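J.: The structure follows.
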Amino acid sequence: MIRARRPQVRFSRELEPTRTSFGTTTAAVKEKPKLTQNEQLLAEIRALQPPAPPPRPEREPIDLNGIKPTDLLIGAGTYALVSYIAWQGCVGSTEWFEAHPQESSFYVVQRISSIARVVVIAMCALGSGITGIASAGQAALAVQVTIAISRGELDPDAERRMPKRRMTSVETLFSYMTGGSKRRE
């Protein structure tokens with residue numbers, strides 16, 4: 001037995017034009033392009049970053065007028081003397097520790113005495129090195145100031161103007177204790 005097929009409802013192509021796209025219209029797409037995932041992450045990262053710091057203020061050049069080379073040489077000599085004394089202390093303490101070894105059967109006493117030796121010698125050497133470098137720097141500044149005075153760039157007899165700086169908290173407290181400044185209320 002053969003059955004007859006019933007007619008089925010079909011779409012009429014004559015009534016509607018054929019659509020090729022079922023998404024949003026092209027006008028909506030052109031208004032705001034869709035961001036990729038990397039672009040979205042980059043936008044989130046940039047939104048979370050703190051604002052850029054303001055540029056540093058320009059430093060005022062230090063006025064070297066009023067500095068006398070003799071004062072600098074006196075300071076360099078003082079630093080050199082302190083450096084020499086610290087070096088002699090380093091050598092003397094090294095010789096003393098070598099002549100008097102610390103012998104003990106206690107492990108803790110041995111370790112503490114060796115740490116004490118290292119600390120004493122290191123402090124003397126550090127003090128000697130730092131004051132030696134300061135002495136060389138101040139002597140070099142004395143040479144530069146002398147050359148600038150001979151060229152006429154600096155005046156050693158001018159009034160010395162110190163650069164302005166803020167008082168530290170210790171200086172502020174000290175001035176409160178000595179009555180040097182009125183208390184801010």
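So you can find residues: chains in the structure tokens are A, B, ... in the order shown, residues in each start at 1, and ligands are numbered from 1 in order.
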Could you list, as a list in words, every residue within 12 Å of A:Gly92, counting only C-alpha atoms and ignoring same-chain residues fewer than 4 positions away?

T.: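 Residues near the query, excluding close chain neighbours: Ile85, Ala86, Trp87, Gln88, Trp96, Phe97, Glu98, Ala99, Val120, Ile121, Cys124 and Ala125 of chain A.
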
J.: May I have the selected residues written with N, CA and C atoms, as an mmCIF file, in the first residue's frame?

T.:
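Listed below is the output, out29.cif:
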```cif
data_model
loop_
_atom_site.group_PDB
_atom_site.id
_atom_site.type_symbol
_atom_site.label_atom_id
_atom_site.label_comp_id
_atom_site.auth_asym_id
_atom_site.auth_seq_id
_atom_site.Cartn_x
_atom_site.Cartn_y
_atom_site.Cartn_z
ATOM 1 N N ILE A 85 93.996 57.686 62.758
ATOM 2 C CA ILE A 85 93.809 57.174 64.123
ATOM 3 C C ILE A 85 92.961 55.904 64.095
ATOM 4 N N ALA A 86 91.903 55.893 63.269
ATOM 5 C CA ALA A 86 91.057 54.698 63.168
ATOM 6 C C ALA A 86 91.850 53.528 62.583
ATOM 7 N N TRP A 87 92.711 53.799 61.625
ATOM 8 C CA TRP A 87 93.516 52.719 61.051
ATOM 9 C C TRP A 87 94.500 52.174 62.084
ATOM 10 N N GLN A 88 95.108 53.056 62.876
ATOM 11 C CA GLN A 88 96.017 52.602 63.927
ATOM 12 C C GLN A 88 95.261 51.778 64.971
ATOM 13 N N TRP A 96 96.511 42.937 69.190
ATOM 14 C CA TRP A 96 96.122 42.525 70.535
ATOM 15 C C TRP A 96 95.362 41.202 70.492
ATOM 16 N N PHE A 97 94.413 41.072 69.545
ATOM 17 C CA PHE A 97 93.661 39.818 69.438
ATOM 18 C C PHE A 97 94.570 38.650 69.057
ATOM 19 N N GLU A 98 95.619 38.938 68.281
ATOM 20 C CA GLU A 98 96.550 37.870 67.911
ATOM 21 C C GLU A 98 97.420 37.473 69.108
ATOM 22 N N ALA A 99 97.801 38.434 69.922
ATOM 23 C CA ALA A 99 98.643 38.141 71.073
ATOM 24 C C ALA A 99 97.857 37.500 72.207
ATOM 25 N N VAL A 120 84.931 44.445 66.162
ATOM 26 C CA VAL A 120 85.870 45.511 66.535
ATOM 27 C C VAL A 120 86.765 45.879 65.357
ATOM 28 N N ILE A 121 87.307 44.895 64.692
ATOM 29 C CA ILE A 121 88.209 45.174 63.564
ATOM 30 C C ILE A 121 87.438 45.785 62.398
ATOM 31 N N CYS A 124 86.599 49.519 63.092
ATOM 32 C CA CYS A 124 87.785 50.371 62.919
ATOM 33 C C CYS A 124 88.110 50.551 61.438
ATOM 34 N N ALA A 125 88.061 49.472 60.671
ATOM 35 C CA ALA A 125 88.365 49.555 59.246
ATOM 36 C C ALA A 125 87.316 50.392 58.504
#
```

J.: Identify all residues of stretch 30-139 of chain A in alpha helix (DSSP H) (DSSP on the backbone) and supply them as number ranges by chain.

T.: A: 30-31, 37-48, 69-99, 107-139

J.: Contacts of A:Leu64 at 12 Å or less, counting only C-alpha atoms, minus same-chain residues fewer than 5 places along, as a ChimeraX atom specification?

T.: /A:69,72,141-142,144-146,148-149,153-163

J.: Just the selected residues (C-alpha atoms), exported as a CSV table (one decimal), in the first residue's frame, please.

T.:
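Listed below is the output, result-v7.csv:
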```
chain,number,residue,atom,x,y,z
A,69,PRO,CA,89.8,76.8,50.4
A,72,LEU,CA,88.1,73.0,53.3
A,141,LEU,CA,86.6,70.3,46.6
A,142,ALA,CA,89.3,72.6,47.9
A,144,GLN,CA,88.0,72.9,42.6
A,145,VAL,CA,87.2,76.0,44.7
A,146,THR,CA,90.7,77.3,44.4
A,148,ALA,CA,87.2,78.6,40.4
A,149,ILE,CA,88.5,81.5,42.6
A,153,GLU,CA,84.0,82.4,39.1
A,154,LEU,CA,83.7,82.4,42.9
A,155,ASP,CA,84.1,85.0,45.5
A,156,PRO,CA,85.5,83.6,48.8
A,157,ASP,CA,84.7,86.8,50.7
A,158,ALA,CA,81.0,86.8,49.8
A,159,GLU,CA,78.3,86.0,52.4
A,160,ARG,CA,77.7,82.3,52.6
A,161,ARG,CA,74.1,81.3,51.8
A,162,MET,CA,73.1,77.9,53.0
A,163,PRO,CA,70.4,76.0,51.0
```

J.: For A:Asn65, which residue among A:Ser93, A:Gly152, A:Glu103, A:Ile115 is the nearest when counting only C-alpha atoms?

T.: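 With only C-alpha atoms as the atom set, the closest residue is A:Gly152.
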
J.: Taking into account only C-alpha atoms, which residue in the set A:Pro51, A:Thr70, A:Thr78, A:Arg117 is nearest to A:Glu95?

T.: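 Of A:Pro51, A:Thr70, A:Thr78, A:Arg117, the one nearest A:Glu95, counting only C-alpha atoms, is A:Arg117.
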
J.: Record the distance separating atom CA of A:Ser83 and atom CA of A:Gly132, expressed in Å with one decimal.

T.: 5.3 Å

J.: Which residue out of A:Val143, A:Met167, A:Leu173, A:Val82 has the minimum interatomic distance to A:Gly127 when only C-alpha atoms are used?

T.: A:Val82

J.: What is the atom CA of A:Lys164 to atom CA of A:Ile62 distance in Å?

T.: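 Result for atom CA of A:Lys164 versus atom CA of A:Ile62: 10.6 Å, one decimal.
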
J.: What is the atom CA of A:Ile112-atom CA of A:Tyr84 distance in Å, reported with one decimal?

T.: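 Taking atom CA of A:Ile112 as the start and atom CA of A:Tyr84 as the end point, the length is 28.3 Å.
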